[in-house]
>>> print(open('my_file19.csv').read())   # CSV, C-alpha atoms
chain,number,residue,atom,x,y,z
M,82,MET,CA,133.1,134.5,102.7
M,83,GLY,CA,131.6,133.3,99.5
M,84,GLU,CA,128.1,134.4,98.5
M,85,ILE,CA,126.6,131.0,99.1
M,86,GLU,CA,128.2,130.7,102.5
M,87,GLN,CA,126.9,134.2,103.3
M,88,MET,CA,123.4,133.2,102.3
M,89,LYS,CA,123.5,129.9,104.3
M,90,LYS,CA,124.6,131.8,107.4
M,91,GLU,CA,121.8,134.3,107.0
M,92,ALA,CA,119.3,131.5,106.5
M,93,GLU,CA,120.4,129.7,109.6
M,94,ALA,CA,120.1,132.9,111.6
M,95,LEU,CA,116.6,133.5,110.4
M,96,LYS,CA,115.6,129.9,111.1
M,97,THR,CA,116.9,130.3,114.6
M,98,GLN,CA,114.9,133.5,115.0
M,99,ILE,CA,111.7,131.9,113.8
M,100,GLU,CA,112.3,128.9,116.0
M,101,ALA,CA,112.6,131.3,119.0
M,102,ALA,CA,109.5,133.2,118.0
M,103,ARG,CA,107.5,130.0,117.9
M,104,LYS,CA,108.9,128.8,121.2
M,105,ALA,CA,108.0,132.2,122.8
M,106,VAL,CA,104.2,131.6,122.1
M,107,HIS,CA,104.4,127.9,122.9
M,108,ASP,CA,102.8,128.2,126.3
M,109,THR,CA,101.0,124.9,126.0
M,110,ASP,CA,100.0,122.3,123.4
M,111,MET,CA,96.7,121.0,122.2
M,112,ALA,CA,96.5,117.8,124.4
M,113,SER,CA,97.2,119.9,127.5
M,114,ALA,CA,94.9,122.7,126.5
M,115,ALA,CA,92.1,120.3,125.8
M,116,SER,CA,92.6,118.2,128.9
M,117,GLY,CA,89.3,119.4,130.2
M,118,VAL,CA,87.4,118.3,127.1
M,119,ALA,CA,85.5,115.0,127.5
M,120,PRO,CA,87.2,112.2,125.6
M,121,ALA,CA,85.7,111.2,122.3
M,122,PRO,CA,83.7,107.9,122.6
M,123,ARG,CA,85.3,104.7,121.4
M,124,VAL,CA,84.4,104.7,117.7
M,125,GLN,CA,83.2,101.4,116.2
M,126,LEU,CA,82.1,101.8,112.6
M,127,LYS,CA,80.7,99.0,110.5
M,128,THR,CA,81.3,98.4,106.8
M,129,ARG,CA,78.1,99.4,105.1
M,130,ARG,CA,79.1,99.0,101.5
M,131,THR,CA,82.0,97.3,99.7
M,132,LEU,CA,82.3,98.7,96.3
M,133,LYS,CA,83.7,96.2,93.8
M,134,GLY,CA,84.5,97.1,90.3
M,135,HIS,CA,88.1,98.2,89.9
M,136,LEU,CA,90.5,95.6,88.7
M,137,ALA,CA,93.7,97.0,90.1
M,138,LYS,CA,95.0,99.2,92.9
M,139,ILE,CA,92.9,102.2,93.8
M,140,TYR,CA,94.9,105.3,94.3
M,141,ALA,CA,92.4,108.1,94.9
M,142,MET,CA,88.8,108.9,95.7
M,143,HIS,CA,86.8,112.1,96.1
M,144,TRP,CA,83.3,112.8,97.2
M,145,SER,CA,80.8,114.9,95.3
M,146,THR,CA,79.3,117.8,97.2
M,147,ASP,CA,75.9,116.0,96.9
M,148,ASN,CA,77.1,113.6,99.6
M,149,ARG,CA,76.0,110.7,97.4
M,150,LEU,CA,78.2,110.3,94.3
M,151,MET,CA,81.9,109.8,94.5
M,152,VAL,CA,84.7,109.2,92.0
M,153,SER,CA,87.5,106.7,92.4
M,154,ALA,CA,90.7,106.2,90.3
M,155,SER,CA,92.6,103.0,89.8
M,156,GLN,CA,95.6,101.8,87.9
M,157,ASP,CA,93.3,99.6,85.9
M,158,GLY,CA,93.0,102.7,83.8
M,159,LYS,CA,89.5,103.8,84.9
M,160,LEU,CA,87.7,106.5,86.8
M,161,LEU,CA,84.5,105.0,88.3
M,162,ILE,CA,81.6,107.2,89.5
M,163,TRP,CA,79.7,105.5,92.2
M,164,ASP,CA,76.3,106.1,93.8
M,165,SER,CA,77.3,105.3,97.3
M,166,HIS,CA,73.7,104.8,98.5
M,167,SER,CA,72.9,102.0,96.1
M,168,GLY,CA,76.5,100.9,95.7
M,169,ASN,CA,76.0,101.0,91.9
M,170,LYS,CA,78.4,102.3,89.3
M,171,VAL,CA,77.0,105.3,87.6
M,172,ASN,CA,79.7,106.0,85.1
M,173,ALA,CA,83.1,104.7,83.9
M,174,VAL,CA,85.7,107.0,82.4
M,175,PRO,CA,88.5,105.2,80.5
M,176,LEU,CA,91.8,107.0,81.0
M,177,LYS,CA,94.4,107.5,78.3
M,178,SER,CA,97.1,106.9,80.8
M,179,SER,CA,96.5,104.2,83.4
M,180,TRP,CA,99.2,105.5,85.8
M,181,VAL,CA,96.7,107.6,87.7
M,182,MET,CA,97.5,109.1,91.1
M,183,THR,CA,94.6,111.5,91.8
M,184,CYS,CA,91.0,112.3,91.0
M,185,ALA,CA,88.6,115.1,91.9
M,186,TYR,CA,84.9,115.9,91.7
M,187,ALA,CA,84.0,119.5,90.8
M,188,PRO,CA,81.7,121.2,93.4
M,189,SER,CA,79.1,121.6,90.7
M,190,GLY,CA,79.1,117.9,90.0
M,191,ASN,CA,79.5,118.6,86.3
M,192,LEU,CA,83.2,117.7,86.0
M,193,VAL,CA,85.8,115.3,87.2
M,194,ALA,CA,89.5,115.3,86.8
M,195,SER,CA,92.4,112.8,87.0
M,196,GLY,CA,96.1,112.8,86.6
M,197,GLY,CA,99.3,110.9,87.4
M,198,LEU,CA,102.5,109.8,85.7
M,199,ASP,CA,101.4,111.4,82.5
M,200,ASN,CA,102.2,114.8,84.2
M,201,MET,CA,98.8,116.1,83.1
M,202,CYS,CA,95.5,116.9,84.7
M,203,THR,CA,92.6,115.8,82.4
M,204,VAL,CA,89.2,117.2,83.0
M,205,TYR,CA,86.0,115.4,81.9
M,206,ASN,CA,82.4,116.6,81.5
M,207,LEU,CA,80.0,114.1,83.0
M,208,LYS,CA,76.9,115.9,81.8
M,209,THR,CA,77.3,115.5,78.0
M,210,PRO,CA,75.4,112.5,76.5
M,211,VAL,CA,78.8,110.8,76.2
M,212,ILE,CA,81.5,111.7,78.8
M,213,LYS,CA,83.9,114.0,77.0
M,214,THR,CA,87.4,115.2,77.7
M,215,VAL,CA,87.1,119.0,78.3
M,216,LYS,CA,90.7,119.9,78.7
M,217,GLU,CA,94.2,118.4,79.1
M,218,LEU,CA,96.1,120.6,81.5
M,219,ASP,CA,99.7,120.1,80.3
M,220,ALA,CA,102.6,122.1,81.7
M,221,HIS,CA,103.8,120.3,84.8
M,222,THR,CA,107.2,118.6,84.3
M,223,GLY,CA,106.6,116.0,86.9
M,224,TYR,CA,103.7,113.6,87.9
M,225,LEU,CA,100.4,115.0,89.1
M,226,SER,CA,99.9,113.9,92.7
M,227,CYS,CA,96.7,115.9,93.5
M,228,ALA,CA,94.1,118.0,91.8
M,229,ARG,CA,91.1,120.0,93.3
M,230,PHE,CA,88.5,122.1,91.6
M,231,LEU,CA,87.8,125.5,92.9
M,232,SER,CA,84.9,125.8,90.4
M,233,ASP,CA,84.0,124.7,86.9
M,234,THR,CA,86.6,127.2,85.6
M,235,GLU,CA,89.6,126.8,88.0
M,236,VAL,CA,91.6,123.8,89.1
M,237,LEU,CA,94.5,123.6,91.6
M,238,THR,CA,97.2,120.9,91.1
M,239,ALA,CA,100.2,119.6,93.0
M,240,SER,CA,103.1,118.0,91.2
M,241,GLY,CA,106.2,115.9,91.5
M,242,ASP,CA,107.9,118.8,89.7
M,243,THR,CA,107.8,120.6,93.2
M,244,THR,CA,105.2,123.1,92.2
M,245,CYS,CA,101.5,123.6,92.6
M,246,ALA,CA,99.5,125.5,90.0
M,247,LEU,CA,96.2,127.3,89.5
M,248,TRP,CA,94.8,126.6,86.1
M,249,ASP,CA,92.2,128.4,84.0
M,250,LEU,CA,89.9,125.7,82.5
M,251,GLU,CA,88.8,127.9,79.7
M,252,THR,CA,92.2,128.5,78.3
M,253,GLY,CA,93.9,125.4,79.7
M,254,LYS,CA,96.8,127.5,80.9
M,255,GLN,CA,98.4,128.0,84.3
M,256,LYS,CA,97.3,131.3,85.9
M,257,THR,CA,99.7,131.0,88.8
M,258,VAL,CA,102.6,128.7,89.7
M,259,PHE,CA,103.3,128.2,93.4
M,260,LEU,CA,107.0,127.6,93.7
M,261,ASN,CA,108.7,127.2,97.1
M,262,HIS,CA,108.9,123.5,97.9
M,263,VAL,CA,112.2,121.7,97.2
M,264,GLY,CA,110.7,118.3,97.0
M,265,ASP,CA,107.9,116.6,95.1
M,266,CYS,CA,104.5,118.0,96.1
M,267,MET,CA,102.3,115.1,97.2
M,268,CYS,CA,99.0,116.6,98.4
M,269,LEU,CA,97.0,119.8,98.7
M,270,SER,CA,93.9,121.0,100.6
M,271,LEU,CA,91.7,124.1,100.0
M,272,SER,CA,90.8,126.3,102.9
M,273,PRO,CA,87.1,126.5,103.7
M,274,ASP,CA,87.0,130.1,102.5
M,275,MET,CA,88.8,129.2,99.3
M,276,ASN,CA,91.3,132.0,99.5
M,277,SER,CA,94.2,129.8,100.4
M,278,PHE,CA,95.4,126.2,100.3
M,279,VAL,CA,98.1,124.1,101.9
M,280,SER,CA,100.5,121.7,100.3
M,281,GLY,CA,102.6,118.8,101.6
M,282,ALA,CA,105.8,117.6,100.0
M,283,CYS,CA,108.7,115.2,100.0
M,284,ASP,CA,110.8,118.0,101.6
M,285,SER,CA,108.8,117.1,104.8
M,286,LEU,CA,107.3,120.6,104.8
M,287,ALA,CA,103.7,121.8,104.7
M,288,LYS,CA,103.2,125.3,103.2
M,289,LEU,CA,100.3,127.7,103.3
M,290,TRP,CA,99.7,129.7,100.1
M,291,ASP,CA,97.5,132.7,99.1
M,292,ILE,CA,95.7,131.5,96.0
M,293,ARG,CA,95.4,135.0,94.5
M,294,ASP,CA,98.8,136.5,95.1
M,295,GLY,CA,100.7,133.2,94.6
M,296,GLN,CA,102.8,133.7,97.7
M,297,CYS,CA,103.8,131.2,100.3
M,298,LYS,CA,102.7,132.7,103.6
M,299,GLN,CA,103.8,130.1,106.2
M,300,THR,CA,106.0,127.0,106.3
M,301,PHE,CA,105.4,124.2,108.9
M,302,LEU,CA,108.2,122.0,110.1
M,303,GLY,CA,108.3,118.9,112.2
M,304,HIS,CA,107.8,115.9,109.9
M,305,THR,CA,110.9,113.9,109.2
M,306,SER,CA,109.8,112.4,105.9
M,307,ASP,CA,107.4,112.9,102.9
M,308,ILE,CA,104.1,114.4,103.7
M,309,ASN,CA,101.6,112.3,101.8
M,310,ALA,CA,98.3,113.7,103.0
M,311,ILE,CA,97.0,117.0,104.2
M,312,SER,CA,93.7,118.5,105.2
M,313,PHE,CA,92.4,121.8,106.4
M,314,TYR,CA,90.6,121.5,109.8
M,315,PRO,CA,86.9,122.5,109.4
M,316,GLY,CA,87.2,125.8,111.2
M,317,GLY,CA,90.0,126.9,108.9
M,318,ASN,CA,92.6,127.7,111.7
M,319,ALA,CA,94.5,124.5,111.6
M,320,ILE,CA,95.7,121.8,109.3
M,321,ILE,CA,96.3,118.1,109.7
M,322,THR,CA,99.2,116.3,107.9
M,323,GLY,CA,100.1,112.6,107.4
M,324,SER,CA,103.6,111.4,106.6
M,325,ASP,CA,105.9,108.5,105.8
M,326,ASP,CA,107.4,109.2,109.2
M,327,CYS,CA,104.3,107.3,110.6
M,328,THR,CA,102.8,110.3,112.3
M,329,CYS,CA,100.0,112.7,111.7
M,330,LYS,CA,100.3,116.3,113.1
M,331,MET,CA,98.1,119.3,113.7
M,332,TYR,CA,99.6,122.6,112.8
M,333,ASP,CA,98.0,125.7,114.2
M,334,LEU,CA,98.0,128.5,111.6
M,335,ARG,CA,97.8,131.4,114.0
M,336,ALA,CA,100.5,130.1,116.4
M,337,ASP,CA,102.5,129.0,113.3
M,338,GLN,CA,103.5,125.7,114.7
M,339,GLU,CA,102.8,122.1,115.5
M,340,VAL,CA,100.5,121.7,118.5
M,341,ILE,CA,99.9,117.9,118.6
M,342,SER,CA,101.3,114.8,117.0
M,343,TYR,CA,99.3,111.6,116.5
M,344,GLN,CA,101.7,108.7,116.9
M,345,ASP,CA,102.1,105.4,118.6
M,346,ALA,CA,105.3,103.4,119.2
M,347,ALA,CA,103.6,100.3,117.8
M,348,LEU,CA,102.8,102.1,114.5
M,349,ASN,CA,105.7,101.8,112.1
M,350,SER,CA,103.9,102.3,108.8
M,351,GLY,CA,103.7,105.4,106.8
M,352,VAL,CA,100.5,107.4,106.6
M,353,THR,CA,99.1,107.4,103.0
M,354,SER,CA,95.9,109.4,103.4
M,355,LEU,CA,93.6,111.2,105.8
M,356,ALA,CA,90.1,112.6,106.2
M,357,LEU,CA,88.4,114.5,109.0
M,358,SER,CA,84.9,114.0,110.5
M,359,MET,CA,82.6,116.9,110.1
M,360,SER,CA,83.5,118.6,113.4
M,361,GLY,CA,87.2,117.8,113.0
M,362,ARG,CA,87.1,115.8,116.2
M,363,LEU,CA,88.0,112.5,114.4
M,364,ILE,CA,90.9,111.9,112.0
M,365,PHE,CA,90.7,108.9,109.8
M,366,ALA,CA,94.3,108.1,108.7
M,367,GLY,CA,95.1,105.4,106.2
M,368,TYR,CA,98.4,103.5,106.7
M,369,ASP,CA,100.7,101.2,104.7
M,370,ASP,CA,99.9,98.4,107.1
M,371,PHE,CA,96.4,98.0,105.6
M,372,ASN,CA,94.5,99.7,108.4
M,373,CYS,CA,92.8,103.0,108.9
M,374,ASN,CA,93.3,104.4,112.4
M,375,ILE,CA,90.9,106.8,114.0
M,376,TRP,CA,92.5,109.5,116.2
M,377,ASP,CA,90.9,112.0,118.6
M,378,SER,CA,92.2,115.2,117.1
M,379,LEU,CA,92.1,117.1,120.4
M,380,LYS,CA,93.6,114.4,122.8
M,381,GLY,CA,96.0,112.7,120.5
M,382,GLU,CA,94.6,109.2,121.3
M,383,LYS,CA,93.7,106.4,119.0
M,384,VAL,CA,90.0,105.8,119.5
M,385,GLY,CA,89.3,103.2,116.8
M,386,VAL,CA,90.4,101.3,113.8
M,387,LEU,CA,88.9,100.4,110.5
M,388,SER,CA,90.1,97.0,109.5
M,389,GLY,CA,89.0,95.1,106.5
M,390,HIS,CA,91.2,95.9,103.6
M,391,ASP,CA,93.7,93.3,102.4
M,392,ASN,CA,96.2,95.8,101.2
M,393,ARG,CA,97.4,99.4,101.8
M,394,VAL,CA,94.7,101.9,102.4
M,395,SER,CA,95.6,104.5,99.8
M,396,CYS,CA,92.7,107.0,100.1
M,397,THR,CA,90.1,108.1,102.6
M,398,GLY,CA,87.3,110.6,102.3
M,399,VAL,CA,84.4,112.0,104.4
M,400,PRO,CA,81.5,113.6,102.5
M,401,PRO,CA,80.5,117.2,103.3
M,402,ASP,CA,77.6,116.1,105.5
M,403,GLY,CA,79.9,113.9,107.5
M,404,MET,CA,77.6,110.8,107.3
M,405,CYS,CA,80.2,108.2,106.6
M,406,VAL,CA,83.8,107.6,105.8
M,407,CYS,CA,85.1,105.9,102.6
M,408,THR,CA,88.3,104.1,102.4
M,409,GLY,CA,90.0,103.0,99.1
M,410,SER,CA,92.7,100.4,98.9
M,411,TRP,CA,95.3,98.7,96.8
M,412,ASP,CA,93.1,95.6,97.3
M,413,SER,CA,90.9,97.2,94.6
M,414,PHE,CA,87.9,97.8,96.8
M,415,LEU,CA,86.3,100.8,98.4
M,416,LYS,CA,84.5,100.5,101.7
M,417,ILE,CA,81.9,102.8,103.2
M,418,TRP,CA,81.7,102.9,107.0
M,419,ASN,CA,79.5,104.5,109.6
I,15,MET,CA,110.5,124.0,89.2
I,16,ALA,CA,113.0,123.5,92.0
I,17,ARG,CA,114.7,120.7,89.9
I,18,ASP,CA,115.8,123.1,87.2
I,19,MET,CA,117.2,125.6,89.7
I,20,SER,CA,120.9,125.9,90.7
I,21,ASP,CA,121.8,125.3,94.3
I,22,LYS,CA,122.4,129.0,94.6
I,23,ASP,CA,119.0,129.9,93.2
I,24,ILE,CA,117.3,127.4,95.6
I,25,LEU,CA,119.2,128.9,98.5
I,26,LYS,CA,118.2,132.4,97.4
I,27,MET,CA,114.5,131.3,97.2
I,28,GLU,CA,114.7,129.8,100.7
I,29,LEU,CA,116.4,132.8,102.1
I,30,GLU,CA,113.8,135.2,100.6
I,31,GLN,CA,111.0,133.1,102.1
I,32,LEU,CA,112.6,133.1,105.5
I,33,GLN,CA,113.0,136.8,105.4
I,34,LYS,CA,109.2,137.1,104.7
I,35,GLU,CA,108.2,134.5,107.3
I,36,VAL,CA,110.3,135.9,110.2
I,37,LYS,CA,107.9,138.9,110.1
I,38,ASN,CA,104.8,136.8,110.7
I,39,THR,CA,102.9,137.4,113.9
I,40,ARG,CA,102.3,134.4,116.1
I,41,GLU,CA,99.6,134.1,118.7
I,42,PRO,CA,99.9,132.2,122.0
I,43,VAL,CA,99.1,128.5,121.6
I,44,SER,CA,96.9,128.6,124.7
I,45,LYS,CA,94.6,131.1,123.0
I,46,THR,CA,94.5,129.6,119.6
I,47,THR,CA,94.0,126.0,120.7
I,48,LYS,CA,91.2,127.0,123.0
I,49,GLU,CA,89.4,128.6,120.1
I,50,ILE,CA,89.9,125.4,118.1
I,51,TYR,CA,88.7,123.0,120.7
I,52,GLU,CA,85.7,125.1,121.7
I,53,TRP,CA,84.7,125.2,118.0
I,54,VAL,CA,85.1,121.5,117.7
I,55,GLU,CA,83.2,120.8,120.9
I,56,ALA,CA,80.3,122.9,119.6
I,57,GLN,CA,80.2,121.0,116.3
I,58,ALA,CA,80.8,117.5,117.7
I,59,ALA,CA,77.3,117.2,119.1
I,60,GLU,CA,76.0,117.1,115.5
I,61,ASP,CA,78.9,115.0,114.0
I,62,PRO,CA,77.2,111.9,112.6
I,63,LEU,CA,80.4,109.8,113.1
I,64,ILE,CA,80.6,110.6,116.8
I,65,LYS,CA,76.9,110.6,117.8
I,66,GLY,CA,76.1,107.7,115.5
I,67,VAL,CA,73.6,107.5,112.7
I,68,PRO,CA,70.1,106.0,113.6
I,69,GLU,CA,69.3,102.9,111.5
I,70,ASP,CA,66.2,104.5,110.0
I,71,LYS,CA,68.1,107.6,108.9
I,72,ASN,CA,71.2,105.9,107.6
I,73,PRO,CA,71.4,106.0,103.8
I,74,PHE,CA,74.1,103.4,104.0
I,75,LYS,CA,72.3,100.9,106.1
I,76,GLU,CA,72.9,97.4,104.9
I,77,LYS,CA,70.6,96.5,102.1
I,78,GLY,CA,68.8,93.4,103.0
I,79,GLY,CA,65.7,91.6,102.2
I,80,CYS,CA,62.7,91.9,104.5
I,81,ILE,CA,62.9,89.6,107.5
I,82,ILE,CA,59.8,87.6,107.6
I,83,THR,CA,59.0,86.4,111.0
I,84,CYS,CA,56.6,83.6,111.4
I,85,ASP,CA,55.2,82.4,114.6
I,86,PHE,CA,54.5,78.8,114.4
I,87,LEU,CA,52.2,77.2,116.8
I,88,TRP,CA,53.4,73.8,117.3
I,89,GLN,CA,50.5,71.7,118.1
I,90,ASN,CA,50.6,68.2,119.1
>>> encode(input="my_file19.csv", output="structure tokens")
Amino acid sequence: MGEIEQMKKEAEALKTQIEAARKAVHDTDMASAASGVAPAPRVQLKTRRTLKGHLAKIYAMHWSTDNRLMVSASQDGKLLIWDSHSGNKVNAVPLKSSWVMTCAYAPSGNLVASGGLDNMCTVYNLKTPVIKTVKELDAHTGYLSCARFLSDTEVLTASGDTTCALWDLETGKQKTVFLNHVGDCMCLSLSPDMNSFVSGACDSLAKLWDIRDGQCKQTFLGHTSDINAISFYPGGNAIITGSDDCTCKMYDLRADQEVISYQDAALNSGVTSLALSMSGRLIFAGYDDFNCNIWDSLKGEKVGVLSGHDNRVSCTGVPPDGMCVCTGSWDSFLKIWN
Amino acid sequence: MARDMSDKDILKMELEQLQKEVKNTREPVSKTTKEIYEWVEAQAAEDPLIKGVPEDKNPFKEKGGCIITCDFLWQN
């Protein structure tokens, strides 16, 4: 048997073993386990703000840790910093490349980052008298799909080149490259304790990584298409994913498997984005069909919908204090709901 | 990057990962999901999007002008 054939055979055997090990602990699922939990109330949120200012599709938004400011990115070639309370624009950052796919706010509030088809992550300082480019993180060989700051000195990125990377902002170099996906990486989410992160990719897999040793610790199967959105559950023991297969799923990290799927026969649009309410009970999932559906994460039932955008909902975000949810759309508007 | 790798190298990478992951411990779903939903239930009481945000404490309440109410006494 050729070497490749041998490896394939061994891989299949290991996959079967892992599948059996998962089955062996699958003594229930989340919906059944949580059957005694009171249903979440029907959620009816109102649009409190419509933020107008972008001139083209919005691709990403991210809340500041101050629960008030947020950054949004549009293919009109701008990052806009908004004061969500007043609805006013606080800053505009012109981008060298208008093909932006992601933006991020540093926890300190001092920096924002953006990136996209330029394959780079550009970091800007908001606190200098004039907003300045601090670093251009240039080493990915594919588009930048997601960026997140760990601090003012470290950034995590996910790329269409199938890798994620941890960068040192002082040197501008990659400290660690996370290689294990075999499809474009589309999204990432940091664990609450900041020691690990999860990534979702076009290989339909979600992977859990140790930030410091660079290793992939766990791989989550189940989706049948690109995973476009991913988020750690607030307690840190589960993750939620959203996919082009029109479903969202919860993966339990300690059971190492899917424990509930959020889907509906009537829904045949891909999931583009997701965000969780502060307790994790509600999942706000943006879809290609212009809506944002609200799911009860424990019961798997749809408990509400945010309708109001005239095009795809491309991004969603809940601030750390959980006081609202923001949706951003290809219709060029952001809406704040609570 | 997986794109630059030969099929053989990709297979090797996948195989090595499976060899690591097969050793992971897995806890019963009944135990792990219970911990998750108990945590969520405890937090949900304070979750603003579930319990609602009172108008007077809502930083996003609709900005509007003052509503001036006038009582007119129509006298004939």
>>> closest_residue(input="my_file19.csv", among="I:Lys37, I:Glu49, I:Lys65, I:Gln57", to="chain M", atoms="only C-alpha atoms")
I:Gln57
>>> closest_residue(input="my_file19.csv", among="M:Ala112, M:Val236, M:Ile85, M:Val124", to="Ser44 (chain I)", atoms="all atoms listed in the file")
M:Ala112
>>> atom_distance(input="my_file19.csv", atom1="CA of Ala102 (chain M)", atom2="CA of Val43 (chain I)")
12.0 Å
>>> closest_atom_pairs(input="my_file19.csv", of="chain I", to="chain M", cutoff="8 Å", atoms="all atoms listed in the file", output="Markdown table")
| residue | atom | partner | partner_atom | distance |
| --- | --- | --- | --- | --- |
| I:Met15 | CA | M:Asp242 | CA | 5.8 |
| I:Ala16 | CA | M:Val263 | CA | 5.6 |
| I:Arg17 | CA | M:Asp242 | CA | 7.1 |
| I:Lys22 | CA | M:Ile85 | CA | 6.5 |
| I:Ile24 | CA | M:Val263 | CA | 7.8 |
| I:Leu25 | CA | M:Met88 | CA | 7.1 |
| I:Lys26 | CA | M:Met88 | CA | 7.2 |
| I:Met27 | CA | M:Asn261 | CA | 7.1 |
| I:Glu28 | CA | M:Asn261 | CA | 7.5 |
| I:Leu29 | CA | M:Ala92 | CA | 5.4 |
| I:Gln31 | CA | M:Cys297 | CA | 7.7 |
| I:Leu32 | CA | M:Leu95 | CA | 6.3 |
| I:Gln33 | CA | M:Leu95 | CA | 7.0 |
| I:Lys34 | CA | M:Lys298 | CA | 7.9 |
| I:Glu35 | CA | M:Gln299 | CA | 6.3 |
| I:Val36 | CA | M:Ile99 | CA | 5.6 |
| I:Thr39 | CA | M:Arg335 | CA | 7.9 |
| I:Arg40 | CA | M:Ala336 | CA | 4.7 |
| I:Glu41 | CA | M:Ala336 | CA | 4.7 |
| I:Pro42 | CA | M:Val106 | CA | 4.3 |
| I:Val43 | CA | M:His107 | CA | 5.5 |
| I:Ser44 | CA | M:Thr109 | CA | 5.7 |
| I:Thr46 | CA | M:Arg335 | CA | 6.7 |
| I:Thr47 | CA | M:Met111 | CA | 5.9 |
| I:Lys48 | CA | M:Ala114 | CA | 6.7 |
| I:Ile50 | CA | M:Asn318 | CA | 7.3 |
| I:Tyr51 | CA | M:Ala115 | CA | 6.7 |
| I:Trp53 | CA | M:Gly316 | CA | 7.3 |
| I:Val54 | CA | M:Ser360 | CA | 5.4 |
| I:Glu55 | CA | M:Ser360 | CA | 7.8 |
| I:Gln57 | CA | M:Ser360 | CA | 5.0 |
| I:Ala58 | CA | M:Ser360 | CA | 5.2 |
| I:Glu60 | CA | M:Ser360 | CA | 7.9 |
| I:Asp61 | CA | M:Met359 | CA | 5.7 |
| I:Pro62 | CA | M:Met404 | CA | 5.4 |
| I:Leu63 | CA | M:Asn419 | CA | 6.4 |
| I:Ile64 | CA | M:Val124 | CA | 7.1 |
| I:Gly66 | CA | M:Asn419 | CA | 7.5 |
| I:Val67 | CA | M:Asn419 | CA | 7.3 |
| I:Pro73 | CA | M:His166 | CA | 5.9 |
| I:Phe74 | CA | M:His166 | CA | 5.7 |
| I:Lys75 | CA | M:Arg129 | CA | 6.1 |
| I:Glu76 | CA | M:Arg129 | CA | 5.6 |
>>> write_last_selection(input="my_file19.csv", atoms="C-alpha atoms", output="JSON list (two decimals), in the frame of the given file")
[["chain", "number", "residue", "atom", "x", "y", "z"],
["I", 15, "MET", "CA", 110.50, 124.00, 89.20],
["I", 16, "ALA", "CA", 113.00, 123.50, 92.00],
["I", 17, "ARG", "CA", 114.70, 120.70, 89.90],
["I", 22, "LYS", "CA", 122.40, 129.00, 94.60],
["I", 24, "ILE", "CA", 117.30, 127.40, 95.60],
["I", 25, "LEU", "CA", 119.20, 128.90, 98.50],
["I", 26, "LYS", "CA", 118.20, 132.40, 97.40],
["I", 27, "MET", "CA", 114.50, 131.30, 97.20],
["I", 28, "GLU", "CA", 114.70, 129.80, 100.70],
["I", 29, "LEU", "CA", 116.40, 132.80, 102.10],
["I", 31, "GLN", "CA", 111.00, 133.10, 102.10],
["I", 32, "LEU", "CA", 112.60, 133.10, 105.50],
["I", 33, "GLN", "CA", 113.00, 136.80, 105.40],
["I", 34, "LYS", "CA", 109.20, 137.10, 104.70],
["I", 35, "GLU", "CA", 108.20, 134.50, 107.30],
["I", 36, "VAL", "CA", 110.30, 135.90, 110.20],
["I", 39, "THR", "CA", 102.90, 137.40, 113.90],
["I", 40, "ARG", "CA", 102.30, 134.40, 116.10],
["I", 41, "GLU", "CA", 99.60, 134.10, 118.70],
["I", 42, "PRO", "CA", 99.90, 132.20, 122.00],
["I", 43, "VAL", "CA", 99.10, 128.50, 121.60],
["I", 44, "SER", "CA", 96.90, 128.60, 124.70],
["I", 46, "THR", "CA", 94.50, 129.60, 119.60],
["I", 47, "THR", "CA", 94.00, 126.00, 120.70],
["I", 48, "LYS", "CA", 91.20, 127.00, 123.00],
["I", 50, "ILE", "CA", 89.90, 125.40, 118.10],
["I", 51, "TYR", "CA", 88.70, 123.00, 120.70],
["I", 53, "TRP", "CA", 84.70, 125.20, 118.00],
["I", 54, "VAL", "CA", 85.10, 121.50, 117.70],
["I", 55, "GLU", "CA", 83.20, 120.80, 120.90],
["I", 57, "GLN", "CA", 80.20, 121.00, 116.30],
["I", 58, "ALA", "CA", 80.80, 117.50, 117.70],
["I", 60, "GLU", "CA", 76.00, 117.10, 115.50],
["I", 61, "ASP", "CA", 78.90, 115.00, 114.00],
["I", 62, "PRO", "CA", 77.20, 111.90, 112.60],
["I", 63, "LEU", "CA", 80.40, 109.80, 113.10],
["I", 64, "ILE", "CA", 80.60, 110.60, 116.80],
["I", 66, "GLY", "CA", 76.10, 107.70, 115.50],
["I", 67, "VAL", "CA", 73.60, 107.50, 112.70],
["I", 73, "PRO", "CA", 71.40, 106.00, 103.80],
["I", 74, "PHE", "CA", 74.10, 103.40, 104.00],
["I", 75, "LYS", "CA", 72.30, 100.90, 106.10],
["I", 76, "GLU", "CA", 72.90, 97.40, 104.90]]
>>> atom_distance(input="my_file19.csv", atom1="CA of Ile311 (chain M)", atom2="CA of Val215 (chain M)")
27.8 Å
>>> atom_distance(input="my_file19.csv", atom1="CA of Lys138 (chain M)", atom2="CA of Ser410 (chain M)")
6.5 Å
>>> closest_residue(input="my_file19.csv", among="M:Thr234, M:Met267, M:Val211, M:Gly197", to="Trp248 (chain M)", atoms="only C-alpha atoms")
M:Thr234
>>> residues_around(input="my_file19.csv", residues="Ala356 (chain M)", least_positions_apart="5", cutoff="12 Å", atoms="all atoms listed in the file", output="number ranges by chain")
M: 142-144, 270, 310-315, 320-323, 329, 361-367, 373-376, 378, 395-401, 403, 405-409
